[in-house]
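Here's run_35.txt, which has compact mmCIF, C-alpha atoms:
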```
# COMPACT_ATOMS: atom_id res chain seq x y z
CA MET C 913 115.35 79.80 93.37
CA SER C 914 112.92 77.04 92.51
CA ALA C 915 109.51 76.75 94.14
CA ARG C 916 106.93 74.01 94.45
CA TYR C 917 103.65 74.73 92.77
CA GLU C 918 100.38 72.95 93.44
CA VAL C 919 97.12 72.80 91.52
CA ALA C 920 94.53 74.79 93.46
CA VAL C 921 91.75 74.32 90.89
CA LEU C 922 92.03 72.02 87.90
CA ALA C 923 90.21 73.99 85.19
CA ASP C 924 90.13 74.66 81.47
CA ALA C 925 89.76 78.44 81.48
CA GLU C 926 90.17 79.97 78.05
CA LEU C 927 91.75 83.09 79.52
CA GLY C 928 92.13 82.83 83.28
CA GLU C 929 93.06 86.16 84.85
CA GLY C 930 92.83 88.55 87.78
CA PRO C 931 93.35 86.55 91.01
CA THR C 932 92.20 88.72 93.92
CA TRP C 933 91.92 87.90 97.61
CA ASP C 934 88.61 88.93 99.16
CA ALA C 935 89.49 89.15 102.86
CA ARG C 936 85.87 89.69 103.91
CA SER C 937 84.67 86.38 102.49
CA GLY C 938 87.94 84.49 102.78
CA ARG C 939 87.77 83.57 99.12
CA LEU C 940 89.94 84.05 96.07
CA LEU C 941 88.26 85.67 93.06
CA TRP C 942 89.53 84.92 89.57
CA ILE C 943 88.02 85.22 86.12
CA ASP C 944 87.83 83.62 82.70
CA ILE C 945 87.66 86.64 80.40
CA LEU C 946 86.47 84.99 77.20
CA ARG C 947 83.89 82.73 78.88
CA SER C 948 82.48 85.66 80.87
CA ARG C 949 82.90 83.90 84.19
CA VAL C 950 83.82 84.99 87.70
CA HIS C 951 85.16 82.12 89.81
CA THR C 952 85.59 81.94 93.56
CA PHE C 953 87.74 79.51 95.53
CA ASP C 954 87.84 78.99 99.29
CA PRO C 955 91.32 77.61 100.11
CA VAL C 956 90.18 76.32 103.51
CA SER C 957 87.10 74.34 102.50
CA GLY C 958 87.94 73.87 98.83
CA ARG C 959 84.51 75.18 97.87
CA ARG C 960 84.19 76.78 94.46
CA SER C 961 81.56 78.80 92.66
CA VAL C 962 81.11 80.21 89.16
CA ARG C 963 79.07 83.25 88.13
CA THR C 964 78.42 84.21 84.51
CA THR C 965 78.63 87.88 83.55
CA PRO C 966 76.63 89.52 80.75
CA GLN C 967 79.76 90.37 78.76
CA HIS C 968 83.44 89.46 78.55
CA VAL C 969 84.88 90.41 81.94
CA GLY C 970 88.42 91.75 82.39
CA ALA C 971 88.43 92.00 86.19
CA ALA C 972 86.26 91.49 89.27
CA LYS C 973 87.17 93.22 92.54
CA PRO C 974 85.46 93.41 95.95
CA ARG C 975 83.61 96.58 96.97
CA VAL C 976 83.69 98.25 100.37
CA GLY C 977 79.97 97.72 100.93
CA GLY C 978 79.91 94.20 99.52
CA GLY C 979 79.38 92.93 96.01
CA LEU C 980 81.75 93.34 93.10
CA VAL C 981 82.96 95.95 90.66
CA LEU C 982 83.31 94.44 87.18
CA ASN C 983 85.48 95.66 84.32
CA LEU C 984 83.30 94.61 81.37
CA ARG C 985 83.46 94.88 77.60
CA ASP C 986 81.30 98.01 77.47
CA GLY C 987 82.37 99.71 80.69
CA VAL C 988 82.52 99.27 84.45
CA GLY C 989 79.54 97.85 86.33
CA LEU C 990 78.53 97.26 89.93
CA LEU C 991 77.13 93.99 91.21
CA ASP C 992 75.35 94.42 94.54
CA PRO C 993 75.26 91.72 97.25
CA ASP C 994 71.69 90.87 96.16
CA ASP C 995 72.95 90.32 92.57
CA THR C 996 71.44 93.57 91.26
CA PHE C 997 73.58 94.92 88.42
CA ARG C 998 73.98 98.51 87.26
CA TRP C 999 76.48 100.41 85.17
CA LEU C 1000 78.87 102.74 86.95
CA HIS C 1001 80.34 103.90 83.63
CA HIS C 1002 79.04 102.74 80.27
CA GLU C 1003 81.22 103.35 77.20
CA ALA C 1004 80.78 100.83 74.40
CA VAL C 1005 83.51 101.05 71.76
CA PRO C 1006 83.22 98.63 68.82
CA GLY C 1007 86.09 96.16 68.73
CA ARG C 1008 87.29 97.00 72.25
CA ARG C 1009 87.02 95.05 75.50
CA ALA C 1010 88.03 95.32 79.12
CA ASN C 1011 91.21 93.77 80.42
CA ASP C 1012 93.02 93.82 83.75
CA ALA C 1013 92.14 96.27 86.53
CA ALA C 1014 93.37 97.07 90.04
CA VAL C 1015 92.19 99.01 93.07
CA ALA C 1016 94.52 101.79 94.25
CA PRO C 1017 95.28 102.58 97.90
CA ASP C 1018 92.63 105.33 97.81
CA GLY C 1019 89.92 102.88 96.72
CA SER C 1020 89.73 104.02 93.09
CA LEU C 1021 89.60 101.49 90.27
CA TRP C 1022 92.27 101.63 87.56
CA ALA C 1023 90.66 99.83 84.65
CA GLY C 1024 92.38 98.83 81.43
CA THR C 1025 91.01 98.19 77.96
CA MET C 1026 92.35 96.79 74.68
CA ARG C 1027 91.15 96.04 71.19
CA TYR C 1028 90.29 92.45 70.40
CA ASP C 1029 92.84 92.63 67.58
CA GLU C 1030 95.43 94.14 69.99
CA ALA C 1031 96.00 97.09 67.68
CA PRO C 1032 98.55 99.59 69.05
CA GLY C 1033 96.91 102.63 70.59
CA GLY C 1034 93.49 100.99 70.76
CA GLY C 1035 93.37 100.64 74.53
CA THR C 1036 93.30 102.87 77.58
CA LEU C 1037 93.95 102.98 81.30
CA SER C 1038 91.34 104.93 83.28
CA ARG C 1039 90.82 105.82 86.93
CA LEU C 1040 87.25 105.53 88.24
CA THR C 1041 85.97 106.71 91.60
CA GLY C 1042 82.95 105.45 93.49
CA ASP C 1043 80.67 108.17 92.12
CA GLY C 1044 81.42 107.14 88.54
CA SER C 1045 83.87 109.93 87.74
CA VAL C 1046 86.35 108.84 85.08
CA ASP C 1047 89.82 110.14 84.29
CA VAL C 1048 91.63 108.64 81.29
CA VAL C 1049 95.21 108.31 82.51
CA LEU C 1050 96.71 106.68 79.40
CA ASP C 1051 95.05 106.79 75.99
CA ASP C 1052 97.68 105.16 73.77
CA VAL C 1053 97.82 101.56 75.02
CA ALA C 1054 97.86 98.27 73.13
CA VAL C 1055 97.19 95.62 75.81
CA SER C 1056 96.60 97.24 79.20
CA ASN C 1057 97.64 94.72 81.82
CA GLY C 1058 99.11 94.46 85.32
CA THR C 1059 98.89 97.46 87.66
CA GLY C 1060 100.08 97.68 91.26
CA TRP C 1061 101.39 100.04 93.92
CA SER C 1062 104.40 100.07 96.22
CA PRO C 1063 103.75 99.46 99.94
CA ASP C 1064 103.77 103.22 100.67
CA GLY C 1065 101.61 104.02 97.63
CA GLY C 1066 104.24 106.34 96.20
CA LEU C 1067 104.95 104.27 93.09
CA MET C 1068 102.67 102.64 90.55
CA TYR C 1069 103.83 99.77 88.35
CA TYR C 1070 102.17 99.18 85.00
CA VAL C 1071 102.34 96.80 82.03
CA ASP C 1072 101.39 97.42 78.41
CA SER C 1073 102.29 93.90 77.33
CA PRO C 1074 103.65 94.41 73.77
CA THR C 1075 106.25 96.86 75.08
CA ARG C 1076 107.87 93.93 76.96
CA ARG C 1077 108.36 96.33 79.89
CA VAL C 1078 107.11 96.90 83.37
CA ASP C 1079 107.03 100.68 83.78
CA VAL C 1080 106.93 102.67 87.01
CA PHE C 1081 105.31 106.04 87.76
CA ASP C 1082 105.39 108.37 90.72
CA HIS C 1083 101.92 108.24 92.28
CA ALA C 1084 100.28 110.90 94.47
CA ASP C 1085 96.80 112.35 94.96
CA GLY C 1086 95.21 109.94 92.51
CA GLY C 1087 97.55 110.86 89.65
CA VAL C 1088 100.76 109.54 88.11
CA VAL C 1089 103.78 111.28 86.57
CA GLY C 1090 107.31 110.44 85.50
CA ARG C 1091 106.76 107.24 83.55
CA ARG C 1092 110.00 105.30 83.16
CA PRO C 1093 111.09 101.69 82.56
CA PHE C 1094 111.36 99.50 85.66
CA VAL C 1095 112.37 96.22 83.99
CA GLU C 1096 112.42 94.93 80.43
CA ILE C 1097 111.69 91.31 79.59
CA GLU C 1098 114.29 89.91 77.23
CA ASP C 1099 113.45 88.28 73.90
CA GLY C 1100 112.45 84.65 74.29
CA ALA C 1101 111.24 85.01 77.89
CA GLY C 1102 107.64 85.86 77.06
CA PHE C 1103 105.60 89.02 77.61
CA PRO C 1104 104.77 90.66 80.94
CA ASP C 1105 101.13 90.23 81.89
CA GLY C 1106 99.60 90.59 85.35
CA LEU C 1107 101.61 91.66 88.39
CA THR C 1108 101.46 92.01 92.15
CA VAL C 1109 103.62 93.83 94.70
CA ASP C 1110 104.63 92.16 97.96
CA ALA C 1111 105.21 93.57 101.44
CA ASP C 1112 108.92 94.03 100.69
CA GLY C 1113 108.10 96.19 97.67
CA CYS C 1114 109.18 93.49 95.23
CA VAL C 1115 107.23 93.13 91.99
CA TRP C 1116 106.03 89.69 90.85
CA VAL C 1117 105.30 89.48 87.12
CA ALA C 1118 103.46 86.72 85.22
CA LEU C 1119 104.98 85.93 81.83
CA TRP C 1120 102.65 85.14 78.93
CA ASP C 1121 104.39 82.57 76.72
CA GLY C 1122 107.15 82.55 79.31
CA ALA C 1123 105.95 79.66 81.54
CA ALA C 1124 107.03 81.51 84.66
CA VAL C 1125 106.46 84.15 87.30
CA ARG C 1126 109.40 86.41 88.13
CA ARG C 1127 110.12 88.47 91.23
CA TYR C 1128 112.03 91.74 90.88
CA THR C 1129 113.46 93.74 93.77
CA PRO C 1130 112.52 97.44 94.17
CA SER C 1131 115.72 98.30 92.32
CA GLY C 1132 114.65 96.17 89.33
CA GLU C 1133 116.96 93.21 89.92
CA LEU C 1134 115.67 89.73 89.15
CA ASP C 1135 115.95 87.60 92.29
CA ARG C 1136 113.49 84.75 91.83
CA VAL C 1137 111.92 82.71 89.03
CA ILE C 1138 109.02 80.30 89.52
CA GLU C 1139 108.92 77.97 86.53
CA LEU C 1140 105.52 76.56 85.67
CA PRO C 1141 104.19 73.68 83.55
CA VAL C 1142 102.14 75.86 81.18
CA PRO C 1143 103.27 78.53 78.70
CA ARG C 1144 100.53 81.13 79.12
CA VAL C 1145 100.85 82.48 82.63
CA THR C 1146 98.57 85.47 83.04
CA ALA C 1147 98.54 86.92 86.57
CA CYS C 1148 99.45 86.34 90.20
CA ALA C 1149 98.34 87.51 93.65
CA PHE C 1150 98.99 86.70 97.29
CA ALA C 1151 96.05 85.20 99.12
CA GLY C 1152 95.03 83.24 102.16
CA PRO C 1153 94.53 84.38 105.76
CA ASP C 1154 98.19 85.42 106.13
CA LEU C 1155 98.68 86.48 102.48
CA SER C 1156 101.60 84.10 102.07
CA ASP C 1157 100.40 81.87 99.21
CA LEU C 1158 100.92 83.02 95.63
CA TYR C 1159 97.99 82.14 93.36
CA ILE C 1160 98.62 82.09 89.62
CA THR C 1161 96.12 82.11 86.74
CA THR C 1162 96.81 80.56 83.35
CA ALA C 1163 95.26 80.38 79.89
CA ARG C 1164 94.77 77.93 77.03
CA VAL C 1165 93.48 80.33 74.38
CA GLY C 1166 95.42 80.23 71.12
CA LEU C 1167 97.35 77.07 71.96
CA ALA C 1168 97.22 74.42 69.27
CA ALA C 1169 97.68 71.69 71.87
CA PRO C 1170 97.02 73.01 75.38
CA LEU C 1171 98.95 71.24 78.12
CA ALA C 1172 97.06 69.41 80.85
CA LEU C 1173 97.16 72.30 83.33
CA SER C 1174 96.61 75.13 80.85
CA GLY C 1175 93.67 77.17 82.18
CA SER C 1176 94.06 75.95 85.77
CA LEU C 1177 94.54 77.97 88.94
CA LEU C 1178 97.94 77.19 90.47
CA VAL C 1179 99.38 78.08 93.87
CA VAL C 1180 102.84 78.31 95.41
CA PRO C 1181 102.36 77.90 99.18
CA GLY C 1182 104.49 80.12 101.39
CA ALA C 1183 105.95 82.04 98.47
CA GLY C 1184 106.24 85.34 100.37
CA LYS C 1185 104.16 87.98 102.08
CA GLY C 1186 101.59 89.98 100.17
CA LEU C 1187 99.96 93.33 100.81
CA ALA C 1188 96.36 93.62 101.90
CA GLN C 1189 94.41 94.84 98.88
CA PRO C 1190 91.87 97.65 99.28
CA ALA C 1191 88.27 97.20 98.17
CA PHE C 1192 86.70 99.51 95.63
CA ALA C 1193 85.15 102.55 97.33
CA GLY C 1194 81.90 102.46 95.40
```
Mind converting the file's structure to structure tokens?
Amino acid sequence: MSARYEVAVLADAELGEGPTWDARSGRLLWIDILRSRVHTFDPVSGRRSVRTTPQHVGAAKPRVGGGLVLNLRDGVGLLDPDDTFRWLHHEAVPGRRANDAAVAPDGSLWAGTMRYDEAPGGGTLSRLTGDGSVDVVLDDVAVSNGTGWSPDGGLMYYVDSPTRRVDVFDHADGGVVGRRPFVEIEDGAGFPDGLTVDADGCVWVALWDGAAVRRYTPSGELDRVIELPVPRVTACAFAGPDLSDLYITTARVGLAAPLALSGSLLVVPGAGKGLAQPAFAG
């Protein structure tokens, strides 16, 4: 099924990522990892803002009490509503940076890391609670990427991009077990990157070097492809007051001749129905 995309924000992000709907403010958050920027976009007014972070930023998510939790190069930090910054967990590892992150149904942050050189085994996936407690869930990751949960919270989907798979775990009580393949992306179709889960339990996956977003049913069957005018599609999320519009981030990093919309924020109006995303409980 084809879909009509629109340009929400014409931009030149080096590595656009992490679209997240902030229901409290009515704004979409998204980031440019390599330029250390957190962007906001109000789809009603069209207003935009840009905030610079002190380090490369892999993700920015709303907090229950206001402000943001930031997955940064050297750990996870908290930005208060008055712009005061403090570290929640500081762990500087030479050659490593933050990447994608997601907030679980219980309000914990699942934060990924990777090496700048993308060396196998150089990254992690960790679960952080509001008091700063950290549990390393996976310690043998190359490029930790999309993470999301089924509508009932009983399944967690996860991408380590070089594997070309979306894996699924059983999720309960803040832990995961039973890792197994959910879908595998065939050669020539790109690499799985960010993902989101909709209200029907279907998994939408952005394809880096695949110029598309795909939707898979809960049984792992491909039932929709949204083709896009840029090769490096990085992540997707439902946003807007009724969570029906699919916002898609893109990148231009590493392209010898970036296309006109590479690095822009795209949107597919009325693409489906998303799930309300919890804020970080910290």
Determine the nearest neighbour of C:Cys1114 from the options C:Gly1186, C:Gly977, C:Gly987, C:Gly1086, counting only C-alpha atoms.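 Closest to C:Cys1114 of all the choices is C:Gly1186.
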From the set C:Arg1076, C:Arg936, C:Lys1185, C:Arg1127, which residue has the shortest atom-to-atom contact distance to C:Leu1155, counting only C-alpha atoms?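 Selected residue with least distance to C:Leu1155: C:Lys1185.
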Which residues come within 6 Å of C:Ile943, counting all atoms listed in the file, excluding same-chain residues fewer than 2 positions away, as JSON, numbers by chain? {"C": [928, 929, 945, 949, 950, 951]}
From the set C:Trp1022, C:Ala1188, C:Arg1092, C:Trp942, which residue has the shortest atom-to-atom contact distance to C:Ala923, counting only C-alpha atoms? C:Trp942
Quick one: residues within 10 Å of C:Arg1027, all atoms listed in the file counted, chain neighbours fewer than 5 positions away excluded, as a tab-separated table (two decimals) with C-alpha atoms, in the frame of the given file?
```
chain	number	residue	atom	x	y	z
C	1005	VAL	CA	83.51	101.05	71.76
C	1006	PRO	CA	83.22	98.63	68.82
C	1007	GLY	CA	86.09	96.16	68.73
C	1008	ARG	CA	87.29	97.00	72.25
C	1009	ARG	CA	87.02	95.05	75.50
C	1010	ALA	CA	88.03	95.32	79.12
C	1011	ASN	CA	91.21	93.77	80.42
C	1032	PRO	CA	98.55	99.59	69.05
C	1033	GLY	CA	96.91	102.63	70.59
C	1034	GLY	CA	93.49	100.99	70.76
C	1035	GLY	CA	93.37	100.64	74.53
C	1036	THR	CA	93.30	102.87	77.58
C	1053	VAL	CA	97.82	101.56	75.02
C	1054	ALA	CA	97.86	98.27	73.13
C	1055	VAL	CA	97.19	95.62	75.81
C	1056	SER	CA	96.60	97.24	79.20
```
Within 8 Å of (89.0, 104.1, 97.1) (coordinates as in the file), grab all the protein and nucleic acid residues, counting only C-alpha atoms, and write them out as a PyMOL selection string. chain C and resi 1015-1021+1041-1042+1190-1194
Name the residues in contact with C:Ala925 at a cut-off of 10 Å, using only C-alpha atoms, excluding same-chain residues fewer than 6 positions from it; report them as a list in words. Ile943, Asp944, Ile945, Leu946, Arg947, Arg949, Thr1161, Thr1162, Ala1163, Arg1164, Val1165, Leu1173, Ser1174, Gly1175, Ser1176 and Leu1177 of chain C
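In this model, the gap between atom CA of C:His1083 and atom CA of C:Ser1062 comes to 9.4 Å.
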Counting only C-alpha atoms, select every polymer residue within 12 Å of (106.8, 84.4, 98.0) as defined in the file's coordinates, and provide the selection as a ChimeraX atom specification. /C:913-917,1108-1116,1125-1128,1135-1138,1148-1151,1154-1160,1179-1187
Your completed stretch 1013-1031 of chain C with N, CA, C and O atoms, as a PDB file, keeping the file's coordinate frame:
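What ended up in selection.pdb:
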```
ATOM      1  N   ALA C1013      92.449  95.090  85.740  1.00  0.00           N
ATOM      2  CA  ALA C1013      92.140  96.270  86.530  1.00  0.00           C
ATOM      3  C   ALA C1013      92.691  96.064  87.933  1.00  0.00           C
ATOM      4  O   ALA C1013      92.952  94.929  88.352  1.00  0.00           O
ATOM      5  N   ALA C1014      92.857  97.151  88.676  1.00  0.00           N
ATOM      6  CA  ALA C1014      93.370  97.070  90.040  1.00  0.00           C
ATOM      7  C   ALA C1014      92.788  98.205  90.861  1.00  0.00           C
ATOM      8  O   ALA C1014      92.435  99.257  90.319  1.00  0.00           O
ATOM      9  N   VAL C1015      92.701  97.985  92.164  1.00  0.00           N
ATOM     10  CA  VAL C1015      92.190  99.010  93.070  1.00  0.00           C
ATOM     11  C   VAL C1015      93.377  99.680  93.755  1.00  0.00           C
ATOM     12  O   VAL C1015      94.231  99.010  94.351  1.00  0.00           O
ATOM     13  N   ALA C1016      93.426 100.999  93.680  1.00  0.00           N
ATOM     14  CA  ALA C1016      94.520 101.790  94.250  1.00  0.00           C
ATOM     15  C   ALA C1016      94.347 101.938  95.758  1.00  0.00           C
ATOM     16  O   ALA C1016      93.276 101.662  96.308  1.00  0.00           O
ATOM     17  N   PRO C1017      95.387 102.386  96.448  1.00  0.00           N
ATOM     18  CA  PRO C1017      95.280 102.580  97.900  1.00  0.00           C
ATOM     19  C   PRO C1017      94.135 103.489  98.325  1.00  0.00           C
ATOM     20  O   PRO C1017      93.612 103.347  99.439  1.00  0.00           O
ATOM     21  N   ASP C1018      93.731 104.424  97.455  1.00  0.00           N
ATOM     22  CA  ASP C1018      92.630 105.330  97.810  1.00  0.00           C
ATOM     23  C   ASP C1018      91.255 104.767  97.478  1.00  0.00           C
ATOM     24  O   ASP C1018      90.242 105.450  97.633  1.00  0.00           O
ATOM     25  N   GLY C1019      91.194 103.510  97.018  1.00  0.00           N
ATOM     26  CA  GLY C1019      89.920 102.880  96.720  1.00  0.00           C
ATOM     27  C   GLY C1019      89.405 103.118  95.316  1.00  0.00           C
ATOM     28  O   GLY C1019      88.314 102.647  94.978  1.00  0.00           O
ATOM     29  N   SER C1020      90.144 103.824  94.483  1.00  0.00           N
ATOM     30  CA  SER C1020      89.730 104.020  93.090  1.00  0.00           C
ATOM     31  C   SER C1020      90.092 102.792  92.266  1.00  0.00           C
ATOM     32  O   SER C1020      90.998 102.025  92.613  1.00  0.00           O
ATOM     33  N   LEU C1021      89.359 102.602  91.167  1.00  0.00           N
ATOM     34  CA  LEU C1021      89.600 101.490  90.270  1.00  0.00           C
ATOM     35  C   LEU C1021      90.372 101.988  89.052  1.00  0.00           C
ATOM     36  O   LEU C1021      89.951 102.945  88.393  1.00  0.00           O
ATOM     37  N   TRP C1022      91.485 101.333  88.752  1.00  0.00           N
ATOM     38  CA  TRP C1022      92.270 101.630  87.560  1.00  0.00           C
ATOM     39  C   TRP C1022      92.001 100.522  86.564  1.00  0.00           C
ATOM     40  O   TRP C1022      92.463  99.390  86.744  1.00  0.00           O
ATOM     41  N   ALA C1023      91.206 100.829  85.559  1.00  0.00           N
ATOM     42  CA  ALA C1023      90.660  99.830  84.650  1.00  0.00           C
ATOM     43  C   ALA C1023      91.279  99.959  83.268  1.00  0.00           C
ATOM     44  O   ALA C1023      91.307 101.044  82.684  1.00  0.00           O
ATOM     45  N   GLY C1024      91.753  98.837  82.744  1.00  0.00           N
ATOM     46  CA  GLY C1024      92.380  98.830  81.430  1.00  0.00           C
ATOM     47  C   GLY C1024      91.462  98.286  80.354  1.00  0.00           C
ATOM     48  O   GLY C1024      90.541  97.510  80.624  1.00  0.00           O
ATOM     49  N   THR C1025      91.720  98.708  79.126  1.00  0.00           N
ATOM     50  CA  THR C1025      91.010  98.190  77.960  1.00  0.00           C
ATOM     51  C   THR C1025      92.014  97.855  76.865  1.00  0.00           C
ATOM     52  O   THR C1025      93.190  98.244  76.923  1.00  0.00           O
ATOM     53  N   MET C1026      91.536  97.144  75.847  1.00  0.00           N
ATOM     54  CA  MET C1026      92.350  96.790  74.680  1.00  0.00           C
ATOM     55  C   MET C1026      91.416  96.449  73.543  1.00  0.00           C
ATOM     56  O   MET C1026      90.249  96.131  73.749  1.00  0.00           O
ATOM     57  N   ARG C1027      91.912  96.514  72.327  1.00  0.00           N
ATOM     58  CA  ARG C1027      91.150  96.040  71.190  1.00  0.00           C
ATOM     59  C   ARG C1027      91.273  94.528  71.093  1.00  0.00           C
ATOM     60  O   ARG C1027      92.281  93.946  71.477  1.00  0.00           O
ATOM     61  N   TYR C1028      90.222  93.893  70.582  1.00  0.00           N
ATOM     62  CA  TYR C1028      90.290  92.450  70.400  1.00  0.00           C
ATOM     63  C   TYR C1028      91.437  92.065  69.466  1.00  0.00           C
ATOM     64  O   TYR C1028      92.038  91.007  69.630  1.00  0.00           O
ATOM     65  N   ASP C1029      91.740  92.931  68.493  1.00  0.00           N
ATOM     66  CA  ASP C1029      92.840  92.630  67.580  1.00  0.00           C
ATOM     67  C   ASP C1029      94.184  93.124  68.106  1.00  0.00           C
ATOM     68  O   ASP C1029      95.209  93.023  67.417  1.00  0.00           O
ATOM     69  N   GLU C1030      94.216  93.666  69.322  1.00  0.00           N
ATOM     70  CA  GLU C1030      95.430  94.140  69.990  1.00  0.00           C
ATOM     71  C   GLU C1030      96.144  95.237  69.219  1.00  0.00           C
ATOM     72  O   GLU C1030      97.362  95.403  69.320  1.00  0.00           O
ATOM     73  N   ALA C1031      95.401  96.021  68.471  1.00  0.00           N
ATOM     74  CA  ALA C1031      96.000  97.090  67.680  1.00  0.00           C
ATOM     75  C   ALA C1031      96.669  98.115  68.601  1.00  0.00           C
ATOM     76  O   ALA C1031      96.118  98.506  69.626  1.00  0.00           O
TER      77      ALA C1031
END
```
